[in-house]
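Have a look at coords_19.txt; it's compact mmCIF, C-alpha atoms and all ligand atoms:
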# COMPACT_ATOMS: atom_id res chain seq x y z
CA MET A 233 66.54 110.33 130.61
CA LYS A 234 66.87 106.67 131.53
CA THR A 235 68.90 105.39 134.46
CA ILE A 236 70.32 101.89 134.57
CA ALA A 237 71.84 100.58 137.81
CA ILE A 238 74.34 97.75 137.61
CA ILE A 239 74.49 96.00 140.93
CA SER A 240 75.67 92.69 142.30
CA GLN A 241 76.85 91.76 145.72
CA LYS A 242 79.34 89.36 144.21
CA GLY A 243 82.76 90.79 143.33
CA GLY A 244 84.12 90.39 139.82
CA ALA A 245 80.74 89.57 138.25
CA GLY A 246 81.35 92.08 135.44
CA LYS A 247 79.58 95.24 136.68
CA THR A 248 82.26 97.68 135.51
CA THR A 249 82.88 95.78 132.27
CA VAL A 250 79.18 95.97 131.43
CA ALA A 251 78.87 99.62 132.58
CA VAL A 252 81.67 100.98 130.39
CA HIS A 253 80.85 98.79 127.38
CA LEU A 254 77.18 99.78 127.45
CA ALA A 255 78.08 103.45 127.93
CA VAL A 256 80.32 103.48 124.86
CA ALA A 257 77.71 101.56 122.84
CA ALA A 258 75.16 104.22 123.80
CA GLU A 259 77.51 107.07 122.82
CA LEU A 260 78.14 105.36 119.47
CA HIS A 261 74.37 105.48 119.01
CA ASN A 262 74.36 109.23 119.68
CA LEU A 263 72.88 108.94 123.13
CA LYS A 264 74.37 111.43 125.57
CA THR A 265 75.60 109.11 128.29
CA ALA A 266 77.17 109.38 131.74
CA VAL A 267 78.54 106.74 134.07
CA PHE A 268 78.27 107.36 137.81
CA ASP A 269 80.88 105.27 139.57
CA LEU A 270 79.75 104.58 143.14
CA ASP A 271 82.50 102.06 143.83
CA PRO A 272 85.34 103.35 146.09
CA GLN A 273 87.65 101.11 143.98
CA ALA A 274 86.81 103.61 141.18
CA SER A 275 87.49 101.14 138.36
CA ALA A 276 85.22 102.92 135.88
CA ALA A 277 86.73 106.31 136.74
CA SER A 278 90.28 104.92 136.30
CA TRP A 279 89.24 103.49 132.94
CA ALA A 280 88.00 106.97 131.94
CA ASP A 281 91.32 108.52 133.06
CA LYS A 282 93.11 106.33 130.49
CA ARG A 283 90.73 107.31 127.71
CA LYS A 284 91.60 109.72 124.94
CA ASN A 285 87.91 110.38 124.33
CA THR A 286 86.02 112.57 126.81
CA GLU A 287 82.79 110.67 126.22
CA PRO A 288 81.07 109.02 127.95
CA VAL A 289 81.45 111.27 130.99
CA VAL A 290 82.44 109.20 134.04
CA ILE A 291 81.89 110.68 137.48
CA SER A 292 83.27 109.15 140.64
CA ALA A 293 80.48 109.70 143.15
CA GLN A 294 79.04 108.84 146.52
CA ALA A 295 75.52 107.58 147.01
CA ALA A 296 74.57 110.66 149.04
CA ARG A 297 75.12 112.82 145.94
CA LEU A 298 73.25 110.52 143.56
CA SER A 299 69.93 112.37 143.33
CA ASN A 300 71.72 115.69 142.92
CA LEU A 301 73.94 114.31 140.16
CA LEU A 302 70.96 112.75 138.40
CA GLU A 303 69.19 116.11 138.45
CA GLN A 304 72.28 117.75 136.94
CA ALA A 305 72.48 115.07 134.24
CA ALA A 306 68.82 115.64 133.37
CA THR A 307 69.39 119.41 133.20
CA GLN A 308 72.26 118.79 130.80
CA SER A 309 69.92 116.70 128.61
CA ALA A 310 71.61 113.38 129.21
CA ASP A 311 69.79 110.47 127.59
CA LEU A 312 71.26 107.71 129.68
CA VAL A 313 72.95 107.37 133.06
CA ILE A 314 74.60 104.09 133.97
CA ILE A 315 75.38 103.58 137.65
CA ASP A 316 78.27 101.23 138.42
CA SER A 317 78.33 100.09 142.03
CA ALA A 318 80.54 98.36 144.57
CA PRO A 319 80.34 94.62 145.20
CA ASN A 320 77.92 94.66 148.10
CA ALA A 321 74.27 95.00 148.92
CA ASP A 322 74.57 98.02 151.20
CA SER A 323 72.75 101.35 151.28
CA ALA A 324 74.75 102.68 148.30
CA SER A 325 73.61 99.79 146.12
CA LEU A 326 70.06 100.31 147.37
CA ALA A 327 70.27 104.02 146.49
CA ALA A 328 71.45 103.04 142.99
CA ALA A 329 68.59 100.54 142.66
CA ARG A 330 66.04 103.13 143.83
CA ALA A 331 67.32 105.72 141.35
CA ALA A 332 67.12 103.30 138.42
CA ASP A 333 64.49 102.63 135.79
CA LEU A 334 66.02 99.22 135.29
CA ILE A 335 68.52 97.12 137.23
CA LEU A 336 71.06 94.83 135.60
CA ILE A 337 72.63 92.12 137.73
CA PRO A 338 75.67 90.62 136.00
CA CYS A 339 76.29 87.07 137.12
CA ARG A 340 78.73 84.39 136.08
CA PRO A 341 77.06 81.07 135.29
CA ALA A 342 78.69 79.21 138.19
CA ALA A 343 77.05 77.73 141.27
CA PHE A 344 78.58 80.09 143.86
CA ASP A 345 77.66 83.14 141.78
CA LEU A 346 74.14 81.97 140.96
CA ASN A 347 73.51 81.06 144.61
CA ALA A 348 74.56 84.56 145.68
CA ILE A 349 72.18 86.56 143.48
CA GLY A 350 69.31 86.24 145.96
CA THR A 351 70.62 89.11 148.11
CA THR A 352 70.97 91.38 145.09
CA LEU A 353 67.50 90.44 143.84
CA ASN A 354 66.10 91.26 147.29
CA LEU A 355 67.59 94.73 146.96
CA ALA A 356 65.78 95.18 143.64
CA THR A 357 62.56 94.02 145.28
CA VAL A 358 63.00 96.52 148.14
CA ALA A 359 63.65 99.25 145.56
CA ASN A 360 60.59 98.04 143.64
CA LYS A 361 62.37 98.26 140.31
CA PRO A 362 62.51 95.80 137.38
CA ALA A 363 65.66 93.70 137.61
CA TYR A 364 67.28 91.40 135.08
CA VAL A 365 70.12 88.97 135.57
CA LEU A 366 72.73 89.32 132.82
CA LEU A 367 74.78 86.17 132.39
CA ASN A 368 78.38 87.22 131.91
CA ALA A 369 81.63 85.41 131.14
CA VAL A 370 79.68 82.43 129.85
CA PRO A 371 82.04 79.73 128.50
CA PRO A 372 81.91 80.02 124.69
CA HIS A 373 81.56 76.26 124.35
CA GLY A 374 79.07 73.91 125.96
CA ARG A 375 75.61 74.46 127.38
CA ILE A 376 76.43 76.07 130.72
CA GLY A 377 74.96 79.45 129.72
CA GLU A 378 71.74 77.94 128.36
CA GLU A 379 71.34 75.74 131.45
CA ALA A 380 71.87 78.68 133.81
CA LYS A 381 69.34 80.74 131.85
CA ILE A 382 66.72 77.98 132.07
CA ALA A 383 67.36 77.46 135.80
CA LEU A 384 66.97 81.19 136.51
CA LYS A 385 63.83 81.50 134.42
CA ASP A 386 62.37 78.40 136.12
CA GLY A 387 62.99 80.20 139.40
CA GLY A 388 60.86 83.12 138.15
CA ILE A 389 63.86 85.40 137.63
CA ASN A 390 64.04 87.80 134.67
CA VAL A 391 67.05 87.06 132.49
CA VAL A 392 68.48 89.29 129.76
CA ASP A 393 68.17 87.36 126.54
CA PRO A 394 71.61 88.09 125.06
CA VAL A 395 74.44 86.77 127.22
CA LEU A 396 78.08 87.88 127.26
CA HIS A 397 80.60 85.12 126.72
CA TYR A 398 84.02 84.83 128.28
CA LEU A 399 86.06 86.69 125.68
CA VAL A 400 89.55 88.07 126.20
CA ALA A 401 88.60 91.21 124.23
CA PHE A 402 86.37 92.35 127.11
CA SER A 403 89.30 92.57 129.52
CA HIS A 404 92.00 93.41 126.98
CA ALA A 405 90.26 96.42 125.42
CA VAL A 406 89.76 98.24 128.72
CA ASN A 407 93.51 98.26 129.51
CA ASP A 408 94.03 101.51 127.64
CA GLY A 409 90.60 103.00 128.29
CA ARG A 410 88.75 101.56 125.33
CA THR A 411 86.01 98.98 124.93
CA ALA A 412 85.82 95.91 122.72
CA GLN A 413 83.70 97.88 120.25
CA GLU A 414 86.38 100.54 119.92
CA TYR A 415 89.28 98.06 119.92
CA ASP A 416 87.79 95.88 117.18
CA PRO A 417 84.26 96.72 116.00
CA LYS A 418 84.05 93.42 114.12
CA SER A 419 84.97 91.23 117.10
CA LYS A 420 82.60 88.76 118.73
CA ALA A 421 82.75 90.81 121.94
CA ALA A 422 81.75 93.98 120.05
CA ASN A 423 78.88 92.11 118.46
CA GLU A 424 77.66 90.83 121.83
CA ILE A 425 77.64 94.36 123.25
CA VAL A 426 75.66 95.65 120.28
CA ASN A 427 73.10 92.88 120.87
CA LEU A 428 72.94 93.71 124.58
CA PHE A 429 72.56 97.41 123.82
CA HIS A 430 69.74 96.71 121.36
CA TRP A 431 68.02 94.61 124.00
CA LEU A 432 68.30 97.56 126.39
CA LEU A 433 66.99 100.01 123.78
CA LYS A 434 63.95 97.85 123.25
CA GLU A 435 63.42 97.21 126.94
CA GLU A 436 63.73 100.86 127.89
CA ASN A 437 62.12 102.28 124.81
CA MET A 438 65.00 104.62 124.11
CA GLN A 439 64.47 104.58 120.34
CA THR A 440 62.65 107.93 120.43
CA ASN A 441 65.65 109.69 121.93
CA MET A 442 67.96 107.97 119.51
CA LYS A 443 65.93 109.24 116.53
CA LYS A 444 65.80 112.71 118.07
CA TYR A 445 69.61 112.81 118.31
CA THR A 446 70.19 111.34 114.88
CA GLN A 447 67.92 114.04 113.44
CA ALA A 448 69.65 116.75 115.49
CA ASN A 449 73.02 115.51 114.22
CA MET A 450 71.79 115.57 110.63
CA ILE A 451 70.60 119.17 111.03
CA LEU A 452 73.95 120.13 112.59
CA ASN A 453 75.86 118.38 109.78
CA THR A 454 73.80 120.20 107.15
CA LYS A 455 74.47 123.53 108.90
CA ALA A 456 78.18 122.73 109.14
CA ARG A 457 78.32 121.85 105.44
CA LYS A 458 76.62 125.15 104.56
CA LEU A 459 79.12 127.04 106.71
CA VAL A 460 82.07 125.57 104.85
CA GLY A 461 80.29 126.11 101.54
CA ASP A 462 80.03 122.40 100.73
N1 LIG A 501 82.78 88.58 129.59
C1 LIG A 501 84.03 88.64 130.05
N2 LIG A 501 85.02 88.00 129.40
C2 LIG A 501 86.31 88.06 129.86
N3 LIG A 501 86.68 88.72 130.98
C3 LIG A 501 85.73 89.38 131.66
C4 LIG A 501 84.37 89.38 131.25
N4 LIG A 501 83.65 90.12 132.13
C5 LIG A 501 84.53 90.57 133.05
N5 LIG A 501 85.76 90.12 132.78
C6 LIG A 501 86.98 90.37 133.56
O1 LIG A 501 86.70 89.93 134.89
C7 LIG A 501 87.25 90.84 135.86
C8 LIG A 501 86.14 91.40 136.74
O2 LIG A 501 85.28 92.18 135.92
P1 LIG A 501 84.70 93.59 136.45
O3 LIG A 501 85.77 94.40 137.05
O4 LIG A 501 83.91 94.18 135.35
O5 LIG A 501 83.72 93.04 137.59
P2 LIG A 501 83.03 93.89 138.73
O6 LIG A 501 81.75 93.21 139.04
O7 LIG A 501 82.95 95.32 138.33
O8 LIG A 501 84.07 93.72 139.92
P3 LIG A 501 83.98 94.46 141.35
O9 LIG A 501 82.93 93.71 142.08
O10 LIG A 501 85.34 94.29 141.92
O11 LIG A 501 83.60 95.89 141.09
C9 LIG A 501 87.98 91.90 135.07
O12 LIG A 501 89.33 91.54 134.98
C10 LIG A 501 87.32 91.85 133.70
O13 LIG A 501 88.18 92.29 132.67
MG MG A 502 83.58 97.05 139.39

Spit out the file's structure as structure tokens when you get a sec.
Amino acid sequence: MKTIAIISQKGGAGKTTVAVHLAVAAELHNLKTAVFDLDPQASAASWADKRKNTEPVVISAQAARLSNLLEQAATQSADLVIIDSAPNADSASLAAARAADLILIPCRPAAFDLNAIGTTLNLATVANKPAYVLLNAVPPHGRIGEEAKIALKDGGINVVDPVLHYLVAFSHAVNDGRTAQEYDPKSKAANEIVNLFHWLLKEENMQTNMKKYTQANMILNTKARKLVGD
């Protein structure tokens, strides 16, 4: 099981947007996925309440219960847990960072946001976990995203290669508990999430699990077809 923590001290950076979009992308790839929502605002949990689909499982949680919940997820053969956190760098965010195999730090490519990522990066350093800045809500036109990426890399900061652009689909799709991929699989936003998810698969070496589940599904499908005499 892999655990991804999404943290950033800055509010509105895109933590919940990234958490739910990645979770659905993982489910669509047959990875058994859970989102642990550590934010008292409970945005991810409210999103799940509006969903018709029961997957991914979203659990509103407190940091004190994190290790227990992760154990339960592992017992239930989860492949991926995504931890969404509150906009601060407190002990809950540190607990999320410590529990993670990889930390994603969404950040808008604007001066105030970029200047504020130091505190979040410090948290990742304290947790001693690999952390990557994910540029989010990048203006679709112009070079702002590219320039921010170069500046971060020059500063020795790991940056996720695919960026997410500012696209209305990201905010629109979540209104009724869906994601951009579910709302319109052919949209630019859906495509960007697939690219981000593939980056994560490669980074976290989750391909093995994916194959395991695809094979398990094929066996189940064959059994089901036999049962109905197909
Ligand atoms: N790439 C994007 N394109 C368009 N809108 C976006 C994008 N990313 C996030 N948003 C919108 O920006 C707002 C903040 O995003 P989100 O709630 O995901 O941030 P957050 O970091 O979880 O916020 P908080 O710190 O309050 O938990 C939301 O209205 C969301 O729909
Ligand atoms: Mg949030």

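Across the model, the gap from CA of Lys381 (chain A) to atom O3 of ligand LIG 501 (chain A) is 22.0 Å.
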
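Going from CA of Val290 (chain A) over to atom MG of ligand MG 502 (chain A), you cover 13.3 Å.
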
Can I get the residues close to ligand LIG 501 (chain A) as a PDB file with C-alpha atoms, in the coordinates of the input, where close means within 7 Å and we count all atoms listed in the file?
ATOM      1  CA  SER A 240      75.670  92.690 142.300  1.00  0.00           C
ATOM      2  CA  LYS A 242      79.340  89.360 144.210  1.00  0.00           C
ATOM      3  CA  GLY A 243      82.760  90.790 143.330  1.00  0.00           C
ATOM      4  CA  GLY A 244      84.120  90.390 139.820  1.00  0.00           C
ATOM      5  CA  ALA A 245      80.740  89.570 138.250  1.00  0.00           C
ATOM      6  CA  GLY A 246      81.350  92.080 135.440  1.00  0.00           C
ATOM      7  CA  LYS A 247      79.580  95.240 136.680  1.00  0.00           C
ATOM      8  CA  THR A 248      82.260  97.680 135.510  1.00  0.00           C
ATOM      9  CA  THR A 249      82.880  95.780 132.270  1.00  0.00           C
ATOM     10  CA  VAL A 250      79.180  95.970 131.430  1.00  0.00           C
ATOM     11  CA  ASP A 271      82.500 102.060 143.830  1.00  0.00           C
ATOM     12  CA  SER A 317      78.330 100.090 142.030  1.00  0.00           C
ATOM     13  CA  ALA A 318      80.540  98.360 144.570  1.00  0.00           C
ATOM     14  CA  PRO A 319      80.340  94.620 145.200  1.00  0.00           C
ATOM     15  CA  ASN A 368      78.380  87.220 131.910  1.00  0.00           C
ATOM     16  CA  ALA A 369      81.630  85.410 131.140  1.00  0.00           C
ATOM     17  CA  VAL A 370      79.680  82.430 129.850  1.00  0.00           C
ATOM     18  CA  LEU A 396      78.080  87.880 127.260  1.00  0.00           C
ATOM     19  CA  HIS A 397      80.600  85.120 126.720  1.00  0.00           C
ATOM     20  CA  TYR A 398      84.020  84.830 128.280  1.00  0.00           C
ATOM     21  CA  LEU A 399      86.060  86.690 125.680  1.00  0.00           C
ATOM     22  CA  VAL A 400      89.550  88.070 126.200  1.00  0.00           C
ATOM     23  CA  ALA A 401      88.600  91.210 124.230  1.00  0.00           C
ATOM     24  CA  PHE A 402      86.370  92.350 127.110  1.00  0.00           C
ATOM     25  CA  SER A 403      89.300  92.570 129.520  1.00  0.00           C
ATOM     26  CA  HIS A 404      92.000  93.410 126.980  1.00  0.00           C
TER      27      HIS A 404
END

Residues within 7 Å of region 333-348 of chain A, all atoms listed in the file, excluding chain neighbours under 2 positions, as a PDB file with C-alpha atoms, keeping the file's coordinate frame:
ATOM      1  CA  LYS A 234      66.870 106.670 131.530  1.00  0.00           C
ATOM      2  CA  THR A 235      68.900 105.390 134.460  1.00  0.00           C
ATOM      3  CA  ILE A 236      70.320 101.890 134.570  1.00  0.00           C
ATOM      4  CA  ALA A 237      71.840 100.580 137.810  1.00  0.00           C
ATOM      5  CA  ILE A 238      74.340  97.750 137.610  1.00  0.00           C
ATOM      6  CA  ILE A 239      74.490  96.000 140.930  1.00  0.00           C
ATOM      7  CA  SER A 240      75.670  92.690 142.300  1.00  0.00           C
ATOM      8  CA  LYS A 242      79.340  89.360 144.210  1.00  0.00           C
ATOM      9  CA  ALA A 245      80.740  89.570 138.250  1.00  0.00           C
ATOM     10  CA  GLY A 246      81.350  92.080 135.440  1.00  0.00           C
ATOM     11  CA  LYS A 247      79.580  95.240 136.680  1.00  0.00           C
ATOM     12  CA  ALA A 329      68.590 100.540 142.660  1.00  0.00           C
ATOM     13  CA  ALA A 331      67.320 105.720 141.350  1.00  0.00           C
ATOM     14  CA  GLY A 350      69.310  86.240 145.960  1.00  0.00           C
ATOM     15  CA  THR A 351      70.620  89.110 148.110  1.00  0.00           C
ATOM     16  CA  LYS A 361      62.370  98.260 140.310  1.00  0.00           C
ATOM     17  CA  PRO A 362      62.510  95.800 137.380  1.00  0.00           C
ATOM     18  CA  ALA A 363      65.660  93.700 137.610  1.00  0.00           C
ATOM     19  CA  TYR A 364      67.280  91.400 135.080  1.00  0.00           C
ATOM     20  CA  VAL A 365      70.120  88.970 135.570  1.00  0.00           C
ATOM     21  CA  LEU A 366      72.730  89.320 132.820  1.00  0.00           C
ATOM     22  CA  LEU A 367      74.780  86.170 132.390  1.00  0.00           C
ATOM     23  CA  ASN A 368      78.380  87.220 131.910  1.00  0.00           C
ATOM     24  CA  ALA A 369      81.630  85.410 131.140  1.00  0.00           C
ATOM     25  CA  VAL A 370      79.680  82.430 129.850  1.00  0.00           C
ATOM     26  CA  ILE A 376      76.430  76.070 130.720  1.00  0.00           C
ATOM     27  CA  GLY A 377      74.960  79.450 129.720  1.00  0.00           C
ATOM     28  CA  ALA A 380      71.870  78.680 133.810  1.00  0.00           C
TER      29      ALA A 380
END

| Quick one: residues within 8 Å of Ala257 (chain A), only C-alpha atoms counted, chain neighbours fewer than 5 positions away excluded, as JSON, numbers by chain? | {"A": [413, 425, 426, 429]}

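You will find CA of Ser278 (chain A) at 9.3 Å from CA of Ser292 (chain A).
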
| field | Selection: 10 Å around Ala310 (chain A), all atoms listed in the file, excl. self and same-chain fewer than 5 positions, as a ChimeraX atom specification | value | /A:233-235,263-266,302-305

| note | One residue among A:Ala280, A:Ile349, A:Val358, A:Ala327 is nearest to Leu384 (chain A) when using only C-alpha atoms, and that residue is A:Ile349

| Looking at only C-alpha atoms and all ligand atoms, which of A:Asp281, A:Glu259, A:Glu378, A:Asp316 is the one that sits closest to ligand MG 502 (chain A)? | A:Asp316

| Gly409 (chain A) surroundings by all atoms listed in the file, 9 Å radius, close-in-sequence under 2 positions cut, as a list in words | Ser278, Trp279, Ala280, Asp281, Lys282, Arg283, Lys284, Asn285, Ala405, Val406, Asn407 and Thr411 of chain A

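Ranking A:Val256, A:Ala296, A:Ile315, A:Ala421 by their shortest atom-to-atom distance to ligand MG 502 (chain A), with all atoms listed in the file included, puts A:Ile315 first.
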
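The nearest approach to Val392 (chain A) among the residues A:Thr286, A:Asn427, A:Asn354, A:Asn262, with only C-alpha atoms taken into account, belongs to A:Asn427.
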
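Considering the residues A:Ala255, A:Ala328, A:Ala321, A:Ala277 and counting all atoms listed in the file, ligand MG 502 (chain A) has its shortest atom-to-atom contact with A:Ala277.
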
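With distances restricted to only C-alpha atoms and all ligand atoms, A:Asp269 is the closest residue to ligand MG 502 (chain A) from A:Glu287, A:Asp269, A:Glu414, A:Asp311.
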